[in-house]
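Engineer: My structure is stored as start_9.txt, with compact mmCIF, C-alpha atoms.
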# COMPACT_ATOMS: atom_id res chain seq x y z
CA MET A 1 -26.37 -9.88 -1.51
CA PHE A 2 -26.25 -9.56 -5.29
CA ARG A 3 -26.72 -5.82 -5.07
CA ARG A 4 -23.60 -5.55 -2.92
CA LEU A 5 -21.73 -7.83 -5.32
CA ARG A 6 -22.89 -5.74 -8.26
CA LEU A 7 -21.70 -2.60 -6.50
CA ARG A 8 -18.29 -4.16 -5.85
CA LEU A 9 -17.95 -5.23 -9.49
CA THR A 10 -18.96 -1.74 -10.61
CA LEU A 11 -16.34 -0.18 -8.35
CA LEU A 12 -13.74 -2.62 -9.66
CA TYR A 13 -14.55 -1.80 -13.30
CA LEU A 14 -14.64 1.91 -12.49
CA LEU A 15 -11.32 1.78 -10.67
CA ALA A 16 -9.68 0.08 -13.65
CA ALA A 17 -11.17 2.68 -16.00
CA MET A 18 -10.05 5.57 -13.77
CA LEU A 19 -6.54 4.13 -13.60
CA LEU A 20 -6.41 3.84 -17.39
CA THR A 21 -7.75 7.37 -17.80
CA ALA A 22 -5.21 8.71 -15.32
CA LEU A 23 -2.38 6.98 -17.18
CA ILE A 24 -3.53 8.41 -20.52
CA ASN A 25 -3.99 11.93 -19.15
CA GLY A 26 -0.68 11.74 -17.30
CA GLY A 27 1.07 10.64 -20.48
CA VAL A 28 -0.52 13.45 -22.48
CA TYR A 29 0.46 16.00 -19.83
CA ILE A 30 4.06 14.78 -19.72
CA LEU A 31 4.29 14.88 -23.52
CA LEU A 32 2.89 18.42 -23.58
CA ARG A 33 5.30 19.57 -20.91
CA PHE A 34 8.22 17.92 -22.64
CA SER A 35 7.22 19.42 -25.98
CA PHE A 36 6.88 22.90 -24.48
CA GLN A 37 10.27 22.62 -22.80
CA ALA A 38 11.90 21.42 -25.99
CA ALA A 39 10.33 24.32 -27.89
CA ALA A 40 11.55 26.79 -25.27
CA ASP A 41 15.08 25.36 -25.35
CA GLN A 42 15.13 25.54 -29.14
CA ALA A 43 13.98 29.15 -29.01
CA LEU A 44 16.74 29.98 -26.52
CA GLU A 45 19.37 28.35 -28.73
CA ARG A 46 18.13 30.29 -31.74
CA LYS A 47 18.03 33.57 -29.89
CA VAL A 48 21.53 33.09 -28.53
CA ALA A 49 22.78 32.62 -32.07
CA LEU A 50 21.00 35.67 -33.37
CA GLY A 51 22.02 37.74 -30.35
CA ALA A 52 25.66 36.77 -30.71
CA GLN A 53 25.63 37.85 -34.34
CA ALA A 54 23.93 41.12 -33.45
CA LEU A 55 26.52 41.87 -30.75
CA GLY A 56 29.46 40.84 -32.93
CA LEU A 57 30.42 37.91 -30.67
CA ALA A 58 31.33 35.34 -33.27
CA THR A 59 34.03 33.21 -31.66
CA PRO A 60 32.29 30.94 -29.14
CA SER A 61 33.98 28.27 -27.05
CA ALA A 62 34.91 25.03 -28.76
CA ARG A 63 32.85 23.16 -26.12
CA GLN A 64 29.71 24.88 -27.27
CA PRO A 65 27.70 22.75 -29.69
CA GLY A 66 27.10 24.40 -33.04
CA PHE A 67 30.60 25.79 -33.52
CA SER A 68 33.50 24.33 -35.48
CA GLY A 69 36.74 25.32 -37.16
CA THR A 70 38.60 28.64 -36.85
CA GLU A 71 38.14 31.78 -38.78
CA ASP A 72 41.80 32.64 -39.49
CA GLY A 73 43.75 29.88 -37.78
CA GLU A 74 44.68 32.17 -34.91
CA GLY A 75 43.47 32.54 -31.38
CA GLU A 76 43.48 30.26 -28.37
CA PRO A 77 43.78 26.53 -28.94
CA GLY A 78 40.35 25.02 -29.30
CA ALA A 79 38.68 28.30 -30.27
CA SER A 80 36.01 27.94 -32.93
CA VAL A 81 33.87 30.14 -35.08
CA TRP A 82 30.08 30.35 -35.18
CA THR A 83 28.66 28.20 -37.96
CA GLN A 84 24.97 28.97 -37.46
CA PRO A 85 23.39 29.49 -40.88
CA GLU A 86 21.78 32.78 -41.61
CA ALA A 87 18.21 33.13 -40.56
CA ALA A 88 15.61 32.76 -43.20
CA GLU A 89 13.57 35.77 -44.12
CA GLY A 90 11.12 36.62 -41.38
CA GLU A 91 12.47 33.94 -39.01
CA ASP A 92 13.72 36.46 -36.45
CA ARG A 93 10.33 38.14 -36.24
CA TYR A 94 8.62 34.73 -36.10
CA ASP A 95 10.82 33.52 -33.22
CA ALA A 96 10.39 36.77 -31.33
CA GLU A 97 6.62 36.46 -31.48
CA LEU A 98 6.53 32.85 -30.36
CA ALA A 99 9.32 32.99 -27.80
CA PRO A 100 10.09 36.48 -26.37
CA VAL A 101 13.64 35.97 -25.11
CA PHE A 102 15.91 38.37 -23.26
CA ILE A 103 19.68 38.16 -23.82
CA VAL A 104 22.30 39.67 -21.49
CA PRO A 105 26.05 39.53 -22.20
CA LEU A 106 28.04 39.20 -18.96
CA ASP A 107 31.58 38.91 -17.85
CA ALA A 108 32.87 36.15 -15.57
CA LEU A 109 31.73 38.13 -12.51
CA GLY A 110 28.19 38.51 -13.81
CA ASN A 111 28.46 42.19 -14.78
CA PRO A 112 26.84 43.33 -18.05
CA VAL A 113 29.42 44.14 -20.70
CA SER A 114 27.17 45.90 -23.20
CA VAL A 115 23.58 46.68 -23.97
CA ALA A 116 21.74 43.42 -24.73
CA ALA A 117 19.88 42.82 -27.87
CA GLY A 118 16.23 42.09 -27.44
CA ALA A 119 13.98 42.58 -24.45
CA ALA A 120 15.25 43.91 -21.13
CA ALA A 121 16.10 41.17 -18.65
CA PRO A 122 13.34 40.80 -16.01
CA VAL A 123 15.62 38.72 -13.76
CA ALA A 124 19.07 39.33 -12.31
CA PRO A 125 22.03 37.35 -13.69
CA ASP A 126 22.18 33.88 -12.15
CA GLU A 127 25.60 33.24 -10.58
CA ASP A 128 25.12 29.47 -10.31
CA ALA A 129 24.49 29.28 -14.04
CA LEU A 130 27.60 31.38 -14.70
CA ARG A 131 29.78 29.10 -12.60
CA ALA A 132 28.38 26.03 -14.35
CA ALA A 133 28.98 27.58 -17.78
CA THR A 134 32.55 28.48 -16.82
CA GLY A 135 33.46 24.81 -16.58
CA SER A 136 31.34 23.26 -19.31
CA GLY A 137 30.82 26.21 -21.64
CA ARG A 138 27.06 25.87 -21.47
CA ASP A 139 24.31 25.59 -18.83
CA LEU A 140 20.57 25.13 -19.21
CA ARG A 141 18.25 25.28 -16.21
CA THR A 142 14.85 26.39 -14.93
CA LEU A 143 14.66 29.25 -12.43
CA VAL A 144 11.86 29.67 -9.92
CA LEU A 145 11.57 33.26 -8.71
CA PRO A 146 10.32 34.24 -5.23
CA ASP A 147 6.94 35.23 -6.71
CA GLY A 148 6.54 31.70 -8.10
CA SER A 149 7.15 32.57 -11.74
CA ARG A 150 9.39 30.19 -13.70
CA TYR A 151 12.02 31.00 -16.31
CA ARG A 152 14.07 28.83 -18.63
CA LEU A 153 17.67 30.12 -18.66
CA LEU A 154 20.46 29.27 -21.12
CA THR A 155 23.99 30.44 -20.32
CA THR A 156 26.67 30.13 -23.04
CA ARG A 157 30.38 31.06 -22.94
CA VAL A 158 31.86 32.75 -26.02
CA LEU A 159 35.42 33.91 -26.69
CA THR A 160 36.24 37.43 -27.80
CA PRO A 161 39.61 39.11 -28.37
CA SER A 162 39.13 40.88 -25.04
CA GLY A 163 38.28 37.74 -23.07
CA ASP A 164 35.39 35.43 -22.23
CA VAL A 165 31.86 36.76 -22.47
CA TYR A 166 28.79 34.89 -21.23
CA LEU A 167 25.43 35.18 -22.91
CA GLN A 168 22.44 34.52 -20.66
CA ALA A 169 19.22 34.05 -22.57
CA GLY A 170 15.99 33.53 -20.73
CA ARG A 171 12.36 32.94 -21.48
CA SER A 172 9.33 33.18 -19.19
CA LEU A 173 7.34 29.95 -18.90
CA ALA A 174 4.16 31.73 -17.80
CA ASP A 175 2.42 31.19 -21.13
CA GLN A 176 3.33 27.51 -21.15
CA GLU A 177 2.18 27.10 -17.56
CA ALA A 178 -1.13 28.75 -18.45
CA ILE A 179 -1.61 26.41 -21.41
CA LEU A 180 -0.73 23.41 -19.24
CA GLN A 181 -3.20 24.50 -16.56
CA ARG A 182 -5.95 24.92 -19.14
CA SER A 183 -5.05 21.53 -20.56
CA LEU A 184 -5.21 19.98 -17.09
CA LEU A 185 -8.63 21.55 -16.49
CA GLY A 186 -9.87 20.28 -19.82
CA MET A 187 -8.54 16.79 -19.13
CA PHE A 188 -10.12 16.84 -15.66
CA ILE A 189 -13.53 17.80 -17.05
CA LEU A 190 -13.26 15.24 -19.82
CA SER A 191 -12.14 12.58 -17.31
CA ALA A 192 -15.10 13.39 -15.06
CA VAL A 193 -17.50 12.93 -17.95
CA ILE A 194 -15.77 9.69 -18.95
CA VAL A 195 -15.88 8.39 -15.36
CA VAL A 196 -19.62 9.10 -15.12
CA LEU A 197 -20.28 7.31 -18.39
CA LEU A 198 -18.03 4.42 -17.46
CA GLY A 199 -19.67 4.15 -14.04
CA TRP A 200 -23.09 3.90 -15.64
CA GLY A 201 -21.82 1.38 -18.17
CA SER A 202 -20.04 -0.62 -15.47
CA TRP A 203 -23.23 -0.80 -13.42
CA LEU A 204 -25.13 -2.15 -16.43
CA LEU A 205 -22.35 -4.57 -17.33
CA ALA A 206 -22.07 -5.87 -13.77
CA GLY A 207 -25.83 -6.35 -13.64
CA ARG A 208 -25.89 -8.31 -16.89
CA SER A 209 -22.94 -10.48 -15.84
CA LEU A 210 -24.65 -11.38 -12.55
CA ILE A 211 -28.00 -12.33 -14.05
CA PRO A 212 -27.14 -16.07 -14.49
CA ALA A 213 -25.70 -16.30 -10.98
CA GLN A 214 -28.70 -14.50 -9.50
CA GLU A 215 -31.14 -16.78 -11.31
CA ALA A 216 -29.25 -19.87 -10.11
CA TRP A 217 -29.22 -18.53 -6.55
CA GLU A 218 -32.94 -17.81 -6.61
CA LYS A 219 -33.65 -21.31 -7.92
CA GLN A 220 -31.51 -22.80 -5.16
CA GLN A 221 -33.32 -20.73 -2.54
CA ALA A 222 -36.68 -21.77 -3.92
CA PHE A 223 -35.61 -25.43 -3.94
CA VAL A 224 -34.44 -25.29 -0.30
CA ALA A 225 -37.66 -23.59 0.78
CA ASN A 226 -39.88 -26.00 -1.14
CA ALA A 227 -37.92 -29.03 0.05
CA GLY A 228 -38.15 -27.84 3.65
CA HIS A 229 -41.89 -27.38 3.43
CA GLU A 230 -42.34 -30.74 1.72
CA LEU A 231 -40.26 -32.53 4.37
CA ARG A 232 -42.23 -31.14 7.26
CA THR A 233 -45.33 -33.24 6.58
CA PRO A 234 -43.64 -36.68 6.26
CA LEU A 235 -41.47 -35.98 9.30
CA THR A 236 -44.53 -35.06 11.34
CA LEU A 237 -46.33 -38.24 10.21
CA LEU A 238 -43.22 -40.32 10.89
CA ARG A 239 -42.91 -39.01 14.41
CA ALA A 240 -46.60 -39.43 15.11
CA SER A 241 -46.56 -43.02 13.86
CA ALA A 242 -43.49 -43.81 15.96
CA GLU A 243 -45.14 -42.37 19.08
CA VAL A 244 -48.30 -44.43 18.50
CA ALA A 245 -46.28 -47.59 18.00
CA GLN A 246 -44.21 -46.84 21.09
CA ARG A 247 -47.30 -46.44 23.26
CA LYS A 248 -48.55 -49.87 22.12
CA LEU A 249 -45.31 -51.58 23.16
CA GLY A 250 -44.54 -52.55 26.69
CA PRO A 251 -41.61 -51.04 28.62
CA ALA A 252 -39.55 -54.19 28.15
CA SER A 253 -40.37 -54.68 24.48
CA PRO A 254 -37.24 -55.16 22.28
CA GLY A 255 -38.70 -52.81 19.66
CA ARG A 256 -39.00 -49.85 22.01
CA PRO A 257 -35.32 -48.71 21.72
CA LEU A 258 -35.66 -48.77 17.95
CA LEU A 259 -38.68 -46.49 18.08
CA GLU A 260 -36.85 -44.16 20.43
CA ASP A 261 -34.06 -43.93 17.85
CA VAL A 262 -36.65 -43.13 15.18
CA LEU A 263 -38.14 -40.36 17.34
CA ARG A 264 -34.71 -38.91 18.08
CA GLU A 265 -33.71 -38.87 14.41
CA ALA A 266 -37.07 -37.42 13.44
CA ASP A 267 -36.54 -34.58 15.90
CA HIS A 268 -33.04 -34.04 14.53
CA MET A 269 -34.32 -33.94 10.95
CA ALA A 270 -37.11 -31.55 11.93
CA GLY A 271 -34.58 -29.22 13.55
CA LEU A 272 -32.38 -29.42 10.46
CA VAL A 273 -35.30 -28.55 8.20
CA GLU A 274 -36.17 -25.56 10.38
CA ASP A 275 -32.56 -24.39 10.28
CA LEU A 276 -32.45 -24.69 6.49
CA LEU A 277 -35.67 -22.74 6.13
CA LEU A 278 -34.39 -20.02 8.44
CA LEU A 279 -31.10 -19.71 6.55
CA SER A 280 -32.97 -19.61 3.26
CA ARG A 281 -35.16 -16.80 4.52
CA LEU A 282 -32.16 -14.93 5.93
CA ASP A 283 -30.35 -15.17 2.60
CA ALA A 284 -33.41 -13.88 0.82
CA GLY A 285 -33.87 -11.06 3.33
CA ALA A 286 -37.34 -12.39 4.20
CA VAL A 287 -36.78 -12.57 7.97
CA ARG A 288 -38.38 -9.58 9.64
CA LEU A 289 -36.31 -8.46 12.60
CA GLU A 290 -37.46 -6.02 15.23
CA SER A 291 -35.28 -3.04 16.08
CA GLU A 292 -35.87 -2.31 19.75
CA PRO A 293 -33.79 -1.61 22.87
CA VAL A 294 -32.65 -4.88 24.44
CA ASP A 295 -30.98 -5.20 27.84
CA VAL A 296 -28.42 -7.90 27.04
CA GLY A 297 -27.74 -8.51 30.73
CA ASP A 298 -31.41 -9.22 31.43
CA LEU A 299 -31.56 -11.47 28.37
CA LEU A 300 -28.57 -13.50 29.60
CA ARG A 301 -30.14 -14.00 33.01
CA ASP A 302 -33.31 -15.22 31.32
CA VAL A 303 -31.41 -17.68 29.10
CA ALA A 304 -29.01 -18.91 31.79
CA ALA A 305 -31.72 -20.31 34.07
CA PRO A 306 -32.71 -23.33 31.93
CA VAL A 307 -29.18 -23.82 30.56
CA GLU A 308 -27.75 -24.02 34.08
CA HIS A 309 -29.70 -27.22 34.74
CA LEU A 310 -28.20 -28.82 31.62
CA ALA A 311 -24.73 -27.74 32.72
CA GLN A 312 -25.21 -29.29 36.15
CA ASP A 313 -26.38 -32.56 34.59
CA ARG A 314 -23.08 -32.66 32.68
CA SER A 315 -20.99 -31.64 35.71
CA LEU A 316 -20.19 -28.22 34.25
CA ARG A 317 -20.04 -24.84 35.96
CA LEU A 318 -21.94 -21.97 34.34
CA GLU A 319 -20.67 -18.52 35.36
CA LEU A 320 -22.77 -15.46 34.61
CA ASN A 321 -21.68 -11.82 34.72
CA ALA A 322 -24.69 -9.98 33.35
CA THR A 323 -24.11 -6.25 33.85
CA PRO A 324 -26.58 -3.89 32.13
CA ALA A 325 -25.70 -3.45 28.45
CA TRP A 326 -28.21 -1.98 26.06
CA ALA A 327 -28.26 -3.00 22.42
CA ARG A 328 -30.64 -2.34 19.56
CA GLY A 329 -31.92 -5.47 17.91
CA ASP A 330 -34.46 -8.29 18.00
CA ARG A 331 -34.74 -9.83 21.47
CA ALA A 332 -36.08 -13.18 20.28
CA ARG A 333 -33.39 -13.59 17.62
CA LEU A 334 -30.66 -12.47 20.00
CA ARG A 335 -31.89 -15.10 22.44
CA GLN A 336 -31.56 -17.66 19.65
CA VAL A 337 -27.95 -16.56 19.06
CA VAL A 338 -27.09 -16.96 22.75
CA LEU A 339 -28.66 -20.43 22.83
CA VAL A 340 -26.60 -21.48 19.80
CA LEU A 341 -23.38 -20.32 21.47
CA LEU A 342 -24.23 -22.02 24.76
CA ASP A 343 -25.21 -25.23 22.97
CA ASN A 344 -21.83 -25.28 21.22
CA ALA A 345 -20.06 -24.74 24.53
CA LEU A 346 -22.04 -27.52 26.25
CA ARG A 347 -21.11 -29.94 23.47
CA HIS A 348 -17.37 -29.37 23.66
CA VAL A 349 -16.60 -28.77 27.33
CA PRO A 350 -15.70 -31.96 29.23
CA ALA A 351 -17.07 -32.78 32.68
CA GLY A 352 -15.58 -30.54 35.36
CA GLY A 353 -15.11 -27.62 32.97
CA TRP A 354 -16.70 -24.21 33.02
CA ILE A 355 -18.61 -21.84 30.74
CA ARG A 356 -18.56 -18.09 31.36
CA VAL A 357 -21.16 -15.73 29.88
CA GLU A 358 -20.57 -11.97 30.13
CA CYS A 359 -21.82 -8.72 28.70
CA LYS A 360 -20.71 -5.11 29.01
CA GLN A 361 -21.21 -1.71 27.44
CA GLU A 362 -18.32 -0.14 25.53
CA GLY A 363 -19.33 3.30 24.34
CA GLN A 364 -22.06 2.86 21.74
CA THR A 365 -21.51 -0.91 21.50
CA ALA A 366 -22.88 -3.79 23.55
CA ILE A 367 -20.39 -6.67 23.91
CA LEU A 368 -21.52 -10.24 24.62
CA THR A 369 -18.95 -13.01 25.20
CA VAL A 370 -19.24 -16.75 25.76
CA THR A 371 -15.98 -18.32 26.97
CA ASP A 372 -15.21 -21.92 27.88
CA ASN A 373 -12.22 -24.12 28.73
CA GLY A 374 -13.24 -26.93 26.41
CA THR A 375 -11.40 -28.84 23.72
CA GLY A 376 -10.86 -25.77 21.55
CA ILE A 377 -10.59 -25.55 17.77
CA ALA A 378 -7.58 -26.42 15.64
CA PRO A 379 -6.13 -23.46 13.68
CA GLU A 380 -6.88 -25.07 10.31
CA HIS A 381 -10.58 -25.39 11.24
CA LEU A 382 -11.03 -21.99 12.86
CA PRO A 383 -11.61 -20.00 9.60
CA HIS A 384 -14.41 -22.41 8.59
CA VAL A 385 -16.50 -22.67 11.76
CA PHE A 386 -19.14 -20.32 10.30
CA ASP A 387 -19.42 -22.34 7.08
CA ARG A 388 -22.60 -24.32 6.59
CA PHE A 389 -22.44 -28.05 7.20
CA TYR A 390 -18.77 -27.82 8.07
CA SER A 391 -18.11 -31.06 9.94
CA GLY A 392 -14.36 -30.95 10.59
CA ASP A 393 -13.07 -31.06 14.14
CA ALA A 394 -14.25 -27.47 14.53
CA GLY A 395 -15.48 -27.30 18.05
CA GLY A 396 -17.65 -24.34 17.25
CA SER A 397 -20.14 -26.24 15.07
CA THR A 398 -23.43 -27.68 16.24
CA GLY A 399 -24.67 -31.19 15.51
CA SER A 400 -26.07 -30.13 12.13
CA GLY A 401 -23.24 -27.77 11.23
CA LEU A 402 -25.68 -24.87 10.83
CA GLY A 403 -25.75 -23.35 14.31
CA LEU A 404 -22.95 -20.82 13.93
CA SER A 405 -24.02 -20.04 10.37
CA ILE A 406 -27.45 -19.07 11.69
CA ALA A 407 -25.89 -17.10 14.55
CA ARG A 408 -23.65 -15.12 12.21
CA SER A 409 -26.50 -14.39 9.79
CA LEU A 410 -28.74 -13.19 12.63
CA VAL A 411 -26.01 -11.00 14.14
CA GLN A 412 -25.21 -9.46 10.74
CA ALA A 413 -28.92 -8.86 10.14
CA MET A 414 -28.91 -6.84 13.37
CA HIS A 415 -25.88 -4.86 12.05
CA GLY A 416 -23.52 -6.54 14.50
CA GLU A 417 -20.35 -8.56 14.31
CA ILE A 418 -19.41 -12.00 15.62
CA ARG A 419 -15.89 -13.40 15.91
CA ILE A 420 -14.34 -16.47 17.47
CA GLU A 421 -10.96 -17.12 19.10
CA SER A 422 -9.77 -20.55 20.16
CA ARG A 423 -6.73 -22.67 20.96
CA PRO A 424 -6.72 -26.45 21.05
CA GLY A 425 -6.88 -27.71 24.62
CA GLU A 426 -7.36 -24.22 26.09
CA GLY A 427 -10.91 -23.35 25.14
CA THR A 428 -12.93 -21.04 22.94
CA ARG A 429 -14.13 -17.46 23.18
CA VAL A 430 -16.97 -16.11 21.02
CA THR A 431 -17.57 -12.34 20.99
CA VAL A 432 -20.72 -10.68 19.68
CA SER A 433 -20.69 -6.90 19.15
CA LEU A 434 -24.04 -5.16 18.66
CA PRO A 435 -24.88 -1.50 18.07
CA GLY A 436 -25.78 0.06 21.40
CA ASP A 437 -28.80 2.08 22.40
CA SER A 438 -27.70 4.70 24.90
CA HIS A 439 -31.16 6.33 24.96
CA ALA A 440 -32.62 3.17 26.50
CA ARG A 441 -30.33 3.23 29.53
CA PRO A 442 -32.05 3.99 32.77
CA ALA A 443 -31.32 7.38 34.30
Produce structure tokens that represent the structure in this file.
Structural biologist:
Amino acid sequence: MFRRLRLRLTLLYLLAAMLLTALINGGVYILLRFSFQAAADQALERKVALGAQALGLATPSARQPGFSGTEDGEGEPGASVWTQPEAAEGEDRYDAELAPVFIVPLDALGNPVSVAAGAAAPVAPDEDALRAATGSGRDLRTLVLPDGSRYRLLTTRVLTPSGDVYLQAGRSLADQEAILQRSLLGMFILSAVIVVLLGWGSWLLAGRSLIPAQEAWEKQQAFVANAGHELRTPLTLLRASAEVAQRKLGPASPGRPLLEDVLREADHMAGLVEDLLLLSRLDAGAVRLESEPVDVGDLLRDVAAPVEHLAQDRSLRLELNATPAWARGDRARLRQVVLVLLDNALRHVPAGGWIRVECKQEGQTAILTVTDNGTGIAPEHLPHVFDRFYSGDAGGSTGSGLGLSIARSLVQAMHGEIRIESRPGEGTRVTVSLPGDSHARPA
């Protein structure tokens, strides 16, 4: 039990660490991408300025940032002159090395108007960018070519005495994409190493945090086991003494009913002690269960024979539909589970009612059901019927409140599942699903 809890805590710690690592790596990646894009845009702006000067286009649109004033007070209203400061010595060569940019001057129809300065354009003029720059004077976008390559494209409108000219400057993002991919690979490898280290640390931390709880649980288990063993002897002596005293009394003696009560309570206490010991051993994993093919139908027929007499004494009808259904488990423990379910049904079905026991094979699963038309279980009690010593009006509990707890622990130990459905006044249905054994079926 504590190993599973430790594993869950480790996974929880690891999930939190992975989420934090993913957030950090995602933030770093976004910052890198944003920084690269900003650097590319700055390089495009710089190259447009230098290209315009080289081509003699020095009267850009007033809507273009970086321009102000007029050169001679003439021209179209709103025209402005380029105010870009002169490049520092070596800056042009430095920019060209870091950001190889192509510049193409175009007319409004997208036709080149002169030989561009700089590298030859590897992409055709983008008409959408031209139309956007016609209205706003400037357009900046990212192009994705059919081959998957990406380009950053800046389109700027400038005014010349002969009309509008559009400068399209572009830069390939292949180098940035390569750097980002290498960065992603590096972050992935680093994250994998961090996750492994954090997983190991989380396992150790979870183990250390569970040590006090595990020690307390082991002490509780030892106490229950020791108390059960210590109670066996006085209960046996008490019952033996009551039987001796009962035999010495006559049938009409007034003390005889009292001794019968003592014997009945002694039997009840002995059963409770046995149940506690069994639960303690189940919790500790000390119950050795066989794993063998079991014909559930044959088991039900074997169990139903003695139970049917009890049902008749209480004016109940026991219905049995025991078709062959093979499961893999412990026959003796599965018999104990069936007896617990039938005992619960007998306790809570009024005279004239019925109890139906069925089994069937569904693929690789054997299904066992016990259904009755008894008093049922209130919705607020239904989630707690498997709790130990639960004594609410939960019709699924036995006299000691341990019956269904034992049944669930035994079914889970056989890698099965047990569930209960009930409605007040309509009855209860308990379903046990066990792993099947198709190889044991008769040919």
Engineer: For Leu14 of chain A, work out the shell of residues within 9 Å, counting only C-alpha atoms and skipping chain neighbours fewer than 6 positions away, then give it as a PDB file with C-alpha atoms, keeping the file's coordinate frame.
Structural biologist:
ATOM      1  CA  VAL A 195     -15.880   8.390 -15.360  1.00  0.00           C
ATOM      2  CA  LEU A 198     -18.030   4.420 -17.460  1.00  0.00           C
ATOM      3  CA  GLY A 199     -19.670   4.150 -14.040  1.00  0.00           C
ATOM      4  CA  SER A 202     -20.040  -0.620 -15.470  1.00  0.00           C
TER       5      SER A 202
END
Engineer: At a cut-off of 12 Å, using all atoms listed in the file, what residues contact Thr236 of chain A? Leave out same-chain residues fewer than 4 positions from it and give the result as a list in words.
Structural biologist: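 With the cut-off at 12 Å, the set is His229, Glu230, Leu231, Arg232, Ala240, Ser241, Ala242, Glu243, Val262, Leu263, Glu265, Ala266, Asp267, His268, Met269, Ala270, Gly271 and Val273 of chain A.
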Engineer: Show which residues sit within 10 Å of Leu320 of chain A, as a compact mmCIF listing (two decimals) with C-alpha atoms, in the frame of the given file. Count only C-alpha atoms, and ignore same-chain residues fewer than 6 positions away.
Structural biologist:
# COMPACT_ATOMS: atom_id res chain seq x y z
CA GLY A 297 -27.74 -8.51 30.73
CA LEU A 300 -28.57 -13.50 29.60
CA ARG A 301 -30.14 -14.00 33.01
CA ALA A 304 -29.01 -18.91 31.79
CA GLU A 308 -27.75 -24.02 34.08
CA ILE A 355 -18.61 -21.84 30.74
CA ARG A 356 -18.56 -18.09 31.36
CA VAL A 357 -21.16 -15.73 29.88
CA GLU A 358 -20.57 -11.97 30.13
CA CYS A 359 -21.82 -8.72 28.70
CA VAL A 370 -19.24 -16.75 25.76
Engineer: Expressed in Å to a single decimal, how great is the separation between atom CA of Arg314 of chain A and atom CA of Gly374 of chain A?
Structural biologist: 13.0 Å
Engineer: Contacts of Gly425 of chain A at 9 Å or less, counting all atoms listed in the file, minus same-chain residues fewer than 6 places along, as a PyMOL selection string?
Structural biologist: chain A and resi 373-377
Engineer: Residues around (12.6, 33.2, -8.9), cut-off 12 Å, counting all atoms listed in the file - what are they as a CSV table (one decimal) with C-alpha atoms, in the frame of the given file?
Structural biologist:
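So out33.csv came out as:
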chain,number,residue,atom,x,y,z
A,122,PRO,CA,13.3,40.8,-16.0
A,123,VAL,CA,15.6,38.7,-13.8
A,124,ALA,CA,19.1,39.3,-12.3
A,125,PRO,CA,22.0,37.4,-13.7
A,126,ASP,CA,22.2,33.9,-12.2
A,142,THR,CA,14.8,26.4,-14.9
A,143,LEU,CA,14.7,29.2,-12.4
A,144,VAL,CA,11.9,29.7,-9.9
A,145,LEU,CA,11.6,33.3,-8.7
A,146,PRO,CA,10.3,34.2,-5.2
A,147,ASP,CA,6.9,35.2,-6.7
A,148,GLY,CA,6.5,31.7,-8.1
A,149,SER,CA,7.2,32.6,-11.7
A,150,ARG,CA,9.4,30.2,-13.7
A,151,TYR,CA,12.0,31.0,-16.3
A,152,ARG,CA,14.1,28.8,-18.6
A,153,LEU,CA,17.7,30.1,-18.7
A,172,SER,CA,9.3,33.2,-19.2
A,173,LEU,CA,7.3,30.0,-18.9
Engineer: May I ask for the distance between atom CA of Leu282 of chain A and atom CA of Gln412 of chain A, given in Å to one decimal place?
Structural biologist: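 It comes out at 10.1 Å.
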Engineer: Return segment 423-432 of chain A, completed with N, CA and C atoms, as an mmCIF file, in the frame of the given file.
Structural biologist:
data_model
loop_
_atom_site.group_PDB
_atom_site.id
_atom_site.type_symbol
_atom_site.label_atom_id
_atom_site.label_comp_id
_atom_site.auth_asym_id
_atom_site.auth_seq_id
_atom_site.Cartn_x
_atom_site.Cartn_y
_atom_site.Cartn_z
ATOM 1 N N ARG A 423 -7.978 -21.927 20.984
ATOM 2 C CA ARG A 423 -6.730 -22.670 20.960
ATOM 3 C C ARG A 423 -6.996 -24.099 21.401
ATOM 4 N N PRO A 424 -6.472 -25.054 20.682
ATOM 5 C CA PRO A 424 -6.720 -26.450 21.050
ATOM 6 C C PRO A 424 -6.285 -26.726 22.489
ATOM 7 N N GLY A 425 -7.179 -27.345 23.248
ATOM 8 C CA GLY A 425 -6.880 -27.710 24.620
ATOM 9 C C GLY A 425 -7.021 -26.596 25.625
ATOM 10 N N GLU A 426 -7.252 -25.351 25.166
ATOM 11 C CA GLU A 426 -7.360 -24.220 26.090
ATOM 12 C C GLU A 426 -8.756 -23.617 26.134
ATOM 13 N N GLY A 427 -9.551 -23.860 25.133
ATOM 14 C CA GLY A 427 -10.910 -23.350 25.140
ATOM 15 C C GLY A 427 -11.221 -22.422 23.993
ATOM 16 N N THR A 428 -12.429 -21.861 24.027
ATOM 17 C CA THR A 428 -12.930 -21.040 22.940
ATOM 18 C C THR A 428 -13.606 -19.794 23.517
ATOM 19 N N ARG A 429 -13.494 -18.717 22.783
ATOM 20 C CA ARG A 429 -14.130 -17.460 23.180
ATOM 21 C C ARG A 429 -14.854 -16.891 21.961
ATOM 22 N N VAL A 430 -16.161 -16.692 22.085
ATOM 23 C CA VAL A 430 -16.970 -16.110 21.020
ATOM 24 C C VAL A 430 -17.436 -14.740 21.483
ATOM 25 N N THR A 431 -17.221 -13.725 20.645
ATOM 26 C CA THR A 431 -17.570 -12.340 20.990
ATOM 27 C C THR A 431 -18.592 -11.830 19.987
ATOM 28 N N VAL A 432 -19.680 -11.287 20.512
ATOM 29 C CA VAL A 432 -20.720 -10.680 19.680
ATOM 30 C C VAL A 432 -20.777 -9.194 20.011
#
